[in-house]
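Read through the structure below, which is laid out as structure tokens, and then see the notes.
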Protein chains: 2
Amino acid sequence: MAALDRSLISRLPLFRGLTPDEQSELLRSARSSRYAKDTAIFEQETDAHSFFVLIAGHIRVVRTTPDGQQVIARYISEGEIFGVAAALGRTTYPASAVAAVDCVVLAWPNALWPELARRFPAFGATTYKTVGNRLQETQTRVMEMSTEQVEQRVAHALLRLANQTGRKTDGGIEIDFPISRQDIAEMTGTTLHTVSRLLSKWEERGIIVSGRQKVTVKDPHRLVVLAENRDKG
Amino acid sequence: MAALDRSLISRLPLFRGLTPDEQSELLRSARSSRYAKDTAIFEQETDAHSFFVLIAGHIRVVRTTPDGQQVIARYISEGEIFGVAAALGRTTYPASAVAAVDCVVLAWPNALWPELARRFPAFGATTYKTVGNRLQETQTRVMEMSTEQVEQRVAHALLRLANQTGRKTDGGIEIDFPISRQDIAEMTGTTLHTVSRLLSKWEERGIIVSGRQKVTVKDPHRLVVLAENRDKG
DNA sequence: CCCCGAGTTTGCGCCAGCGCAAATTCTGCC
DNA sequence: GGCAGAATTTGCGCTGGCGCAAACTCGGGG
């Protein structure tokens with residue numbers, strides 16, 4: 001595995017700032033695994049044993065309420081670190097991580113975190129920076145949910161997905177993993193019905209094209225306008 | 001200042017795990033200041049020059065939308081660290097911090113963070129743990145805003161305030177800083193009108209007592225029921 | 001190639017909670 | 001002690017978006 005992963009890994013921002021030797025050392029203490037679509041990498045409330053880096057695929061981070069409703073906290077893309085509960089002093093995972101497509105993942109036992117963070121300060125710093133970004137993103141989301149209408153929130157969510165994981169095709173920017181109306185609803189705090197109505201409307205107007213578990217943004221600019229305008233639909 | 005602050009500080013959880021000598025050293029690099037009620041410790045989007053520990057008072061962390069609407073991200077209580085943007089790799093503050101009452105604050109230049117975190121690992125670890133807690137709280141808030149009704153959210157917010165900053169009085173648990181209906185609305189994503197109606201209803205039922213910028217929780221148990229029950233008011 | 005079931009669309013009725021507006025009550029300051 | 005302004009309360013009408021239900025569509029497995 002080492003050789004294969006080395007070439008993949010040296011490209012990832014998370015490992016910039018480490019020498020090839022250091023990268024090798026880091027990798028030596030990791031374990032690589034595959035997860036089939038729709039299987040869980042870890043489950044909410046269970047003992048946090050490891051932290052992870054996504055090598056290939058897309059992961060959905062989901063929180064479930066006591067009465068069973070689900071909310072999508074975020075999507076993880078290639079190269080991102082996730083499940084860092086332990087580095088933040090938690091002993092259990094606050095959410096579940098589910099493979100949105102077949103995934104390849106590196107895992108380190110949490111017990112190694114303090115040592116790794118000490119030995120590779122750049123690695124620790126990047127991780128904390130990531131956490132900082134996520135905290136800010138999450139707060140932005142609270143802000144959006146407090147002040148925006150559903151239409152704007154869905155527009156924002158699509159734009160974010162397009163930026164984060166969009167793949168340029170001839171027809172526009174396609175979100176490159178299967179995403180249902182229900183998923184979008186769980187990202188924006190609404191219902192799949194409302195999302196469906198919005199997407200239909202936008203498709204009529206040529207702003208997007210969408211199909212079963214698939215969305216392509218054709219006209220990001222008009223979507224930005226929708227996301228920002230409080231009035232008028 | 002040193003002598004005064006030392007006795008105050010050694011009680012704070014943030015400084016547990018440090019020897020008296022280390023505490024003194026940490027303090028030596030800090031600057032202490034007072035902030036009058038309603039003045040800003042730092043402002044959103046401005047250059048992050050320092051991080052802070054609240055010695056006395058209460059601080060409101062506020063994010064403002066491009067069109068001027070405000071959302072309260074959280075309240076900071078005595079002993080908490082805040083404005084740690086730099087430790088998370090940001091160069092500007094993502095929110096403003098405003099004194100909810102007259103406050104005393106310690107400030108360290110951000111430039112010292114790396115050195116301090118290295119020299120006092122317990123201090124760094126506690127800080128990151130705090131950040132982890134806040135990330136989780138913020139995500140919980142997203143979850144609440146996605147799945148709960150306004151009444152439940154307001155009940156949750158009051159319970160959290162009562163827990164975090166509640167002062168036991170003969171009449172119940174009093175939130176010990178001035179908080180308006182507007183503030184509660186900005187914490188829960190609703191309007192001051194709706195908050196006012198809810199508080200009136202709860203006061204009729206003897207669950208709380210409230211006045212101008214003041215709320216006292218008389219019957220936390222019934223508030224918990226309200227916070228958890230999706231149906232029936 | 002057909003069928004099954006998950007995912008999606010769409011119609012309809014309703015209501016929680018917002019927006020607006022006006023009245024009322026504090027409270028700190030002069 | 002009274003006044004001006006801020007905070008709060010309350011009424012009223014409206015509507016965005018949810019809940020329910022039914023129809024439809026598509027893609028993959030048999």
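Quick note on naming: the chains in the structure tokens go A, B, ... in the order shown, residues restart at 1 in each chain, and ligands are numbered from 1 in order of appearance.
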
10 Å contacts from chain A to chain C using only C-alpha atoms (C1' of nucleotides), as a PyMOL selection string | chain A and resi 180-182+192-193+196-197+200+211-213

Using DSSP on the backbone coordinates, identify all residues within region 9-119 of chain A classified as alpha helix (DSSP H); present the result as a list in words.
->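 Put together, the selection reads Ile9, Pro20, Asp21, Glu22, Gln23, Ser24, Glu25, Leu26, Leu27, Arg28, Trp113, Pro114, Glu115, Leu116, Ala117, Arg118 and Arg119 of chain A.
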
Based on the selection just made, write N, CA and C atoms of those residues as a PDB file, in the first residue's frame.
ATOM      1  N   ILE A   9      -0.935  10.744  -1.929  1.00  0.00           N
ATOM      2  CA  ILE A   9      -0.977  11.576  -0.745  1.00  0.00           C
ATOM      3  C   ILE A   9      -0.139  12.832  -0.817  1.00  0.00           C
ATOM      4  N   PRO A  20       9.137  14.215   2.294  1.00  0.00           N
ATOM      5  CA  PRO A  20       8.766  12.856   1.875  1.00  0.00           C
ATOM      6  C   PRO A  20       8.997  11.839   2.995  1.00  0.00           C
ATOM      7  N   ASP A  21      10.088  11.996   3.714  1.00  0.00           N
ATOM      8  CA  ASP A  21      10.355  11.065   4.815  1.00  0.00           C
ATOM      9  C   ASP A  21       9.254  11.133   5.874  1.00  0.00           C
ATOM     10  N   GLU A  22       8.879  12.358   6.191  1.00  0.00           N
ATOM     11  CA  GLU A  22       7.835  12.519   7.195  1.00  0.00           C
ATOM     12  C   GLU A  22       6.520  11.941   6.696  1.00  0.00           C
ATOM     13  N   GLN A  23       6.227  12.183   5.435  1.00  0.00           N
ATOM     14  CA  GLN A  23       5.008  11.616   4.862  1.00  0.00           C
ATOM     15  C   GLN A  23       5.009  10.097   5.007  1.00  0.00           C
ATOM     16  N   SER A  24       6.130   9.495   4.692  1.00  0.00           N
ATOM     17  CA  SER A  24       6.220   8.038   4.804  1.00  0.00           C
ATOM     18  C   SER A  24       5.974   7.591   6.228  1.00  0.00           C
ATOM     19  N   GLU A  25       6.566   8.320   7.156  1.00  0.00           N
ATOM     20  CA  GLU A  25       6.414   7.938   8.546  1.00  0.00           C
ATOM     21  C   GLU A  25       4.956   8.031   8.979  1.00  0.00           C
ATOM     22  N   LEU A  26       4.318   9.141   8.585  1.00  0.00           N
ATOM     23  CA  LEU A  26       2.910   9.323   8.916  1.00  0.00           C
ATOM     24  C   LEU A  26       2.087   8.162   8.358  1.00  0.00           C
ATOM     25  N   LEU A  27       2.393   7.826   7.111  1.00  0.00           N
ATOM     26  CA  LEU A  27       1.622   6.773   6.454  1.00  0.00           C
ATOM     27  C   LEU A  27       1.823   5.428   7.127  1.00  0.00           C
ATOM     28  N   ARG A  28       3.020   5.226   7.627  1.00  0.00           N
ATOM     29  CA  ARG A  28       3.301   3.931   8.218  1.00  0.00           C
ATOM     30  C   ARG A  28       2.374   3.626   9.392  1.00  0.00           C
ATOM     31  N   TRP A 113      -2.646  10.612  18.085  1.00  0.00           N
ATOM     32  CA  TRP A 113      -2.781  12.032  17.760  1.00  0.00           C
ATOM     33  C   TRP A 113      -1.781  12.938  18.489  1.00  0.00           C
ATOM     34  N   PRO A 114      -1.700  12.856  19.804  1.00  0.00           N
ATOM     35  CA  PRO A 114      -0.799  13.793  20.483  1.00  0.00           C
ATOM     36  C   PRO A 114       0.626  13.692  19.946  1.00  0.00           C
ATOM     37  N   GLU A 115       1.072  12.464  19.756  1.00  0.00           N
ATOM     38  CA  GLU A 115       2.437  12.277  19.274  1.00  0.00           C
ATOM     39  C   GLU A 115       2.606  12.820  17.855  1.00  0.00           C
ATOM     40  N   LEU A 116       1.658  12.494  16.993  1.00  0.00           N
ATOM     41  CA  LEU A 116       1.754  12.949  15.601  1.00  0.00           C
ATOM     42  C   LEU A 116       1.706  14.477  15.531  1.00  0.00           C
ATOM     43  N   ALA A 117       0.820  15.061  16.324  1.00  0.00           N
ATOM     44  CA  ALA A 117       0.691  16.520  16.301  1.00  0.00           C
ATOM     45  C   ALA A 117       1.982  17.178  16.775  1.00  0.00           C
ATOM     46  N   ARG A 118       2.621  16.547  17.730  1.00  0.00           N
ATOM     47  CA  ARG A 118       3.870  17.095  18.245  1.00  0.00           C
ATOM     48  C   ARG A 118       4.992  16.923  17.227  1.00  0.00           C
ATOM     49  N   ARG A 119       5.042  15.710  16.653  1.00  0.00           N
ATOM     50  CA  ARG A 119       6.140  15.405  15.750  1.00  0.00           C
ATOM     51  C   ARG A 119       6.007  16.138  14.417  1.00  0.00           C
TER      52      ARG A 119
END

Neighbours of region 202-204 of chain B within 12 Å (only C-alpha atoms (C1' of nucleotides); same-chain residues fewer than 3 positions away dropped), as a PyMOL selection string?
-> chain B and resi 151+154-155+158+195-199+207-211+215-220+222-223+226+233

Hey, which of B:Ala95, B:Ala227, B:Ile179, B:Ala48 ends up closest to chain D? Count only C-alpha atoms (C1' of nucleotides).
->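 Counting only C-alpha atoms (C1' of nucleotides), the residue closest to chain D is B:Ile179.
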
Per residue of chain D within 8 Å of chain A, note the shortest atom pair and the distance in Å to one decimal, counting only C-alpha atoms (C1' of nucleotides), and order the rows by chain and increasing residue number, as JSON lines.
{"residue": "D:DG17", "atom": "C1'", "partner": "A:Thr194", "partner_atom": "CA", "distance": 7.2}
{"residue": "D:DC18", "atom": "C1'", "partner": "A:Thr191", "partner_atom": "CA", "distance": 7.6}
{"residue": "D:DC26", "atom": "C1'", "partner": "A:Arg212", "partner_atom": "CA", "distance": 7.9}

Please report as an MDAnalysis selection string which residues of chain B come no farther than 8 Å from chain A, using only C-alpha atoms.
-> chainID B and resid 63 65 69 71 73 85 87:90 94 125 128:136 138:139 141:143 145:147 186 188:190

From region 4-209 of chain A, collect each residue whose DSSP state is strand (DSSP E or B) and return the set as an MDAnalysis selection string.
-> chainID A and resid 31:35 40:42 47 50:56 59:64 70:76 81:82 92 96:99 103:109 166:169 172:175 208:209

For Glu78 (chain B), list every protein, DNA or RNA residue within 7 Å, evaluated using only C-alpha atoms (C1' of nucleotides), and leave out those in the same chain fewer than 5 positions away; present the list as number ranges by chain.
-> B: 54-58

Could you write out that same residue set with all heavy atoms as an mmCIF file, in the first residue's frame?
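What ended up in result-v5.cif:
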data_model
loop_
_atom_site.group_PDB
_atom_site.id
_atom_site.type_symbol
_atom_site.label_atom_id
_atom_site.label_comp_id
_atom_site.auth_asym_id
_atom_site.auth_seq_id
_atom_site.Cartn_x
_atom_site.Cartn_y
_atom_site.Cartn_z
ATOM 1 N N LEU B 54 -11.911 35.969 29.363
ATOM 2 C CA LEU B 54 -12.824 36.834 30.112
ATOM 3 C C LEU B 54 -12.639 36.584 31.602
ATOM 4 O O LEU B 54 -12.832 35.474 32.096
ATOM 5 C CB LEU B 54 -14.274 36.546 29.705
ATOM 6 C CG LEU B 54 -15.351 37.359 30.432
ATOM 7 C CD1 LEU B 54 -15.124 38.851 30.221
ATOM 8 C CD2 LEU B 54 -16.733 36.960 29.954
ATOM 9 N N ILE B 55 -12.242 37.620 32.331
ATOM 10 C CA ILE B 55 -12.005 37.501 33.766
ATOM 11 C C ILE B 55 -13.273 37.791 34.550
ATOM 12 O O ILE B 55 -13.584 37.136 35.534
ATOM 13 C CB ILE B 55 -10.888 38.475 34.214
ATOM 14 C CG1 ILE B 55 -9.599 38.148 33.469
ATOM 15 C CG2 ILE B 55 -10.668 38.392 35.712
ATOM 16 C CD1 ILE B 55 -9.108 36.741 33.680
ATOM 17 N N ALA B 56 -14.020 38.798 34.099
ATOM 18 C CA ALA B 56 -15.263 39.146 34.799
ATOM 19 C C ALA B 56 -16.236 39.756 33.816
ATOM 20 O O ALA B 56 -15.839 40.556 32.958
ATOM 21 C CB ALA B 56 -14.970 40.127 35.930
ATOM 22 N N GLY B 57 -17.493 39.376 33.941
ATOM 23 C CA GLY B 57 -18.527 39.934 33.082
ATOM 24 C C GLY B 57 -19.156 38.895 32.155
ATOM 25 O O GLY B 57 -19.018 37.690 32.388
ATOM 26 N N HIS B 58 -19.821 39.390 31.128
ATOM 27 C CA HIS B 58 -20.431 38.525 30.121
ATOM 28 C C HIS B 58 -20.279 39.176 28.767
ATOM 29 O O HIS B 58 -20.462 40.389 28.642
ATOM 30 C CB HIS B 58 -21.921 38.305 30.411
ATOM 31 C CG HIS B 58 -22.164 37.479 31.617
ATOM 32 N ND1 HIS B 58 -22.099 36.106 31.596
ATOM 33 C CD2 HIS B 58 -22.443 37.821 32.888
ATOM 34 C CE1 HIS B 58 -22.341 35.641 32.808
ATOM 35 N NE2 HIS B 58 -22.550 36.652 33.620
#
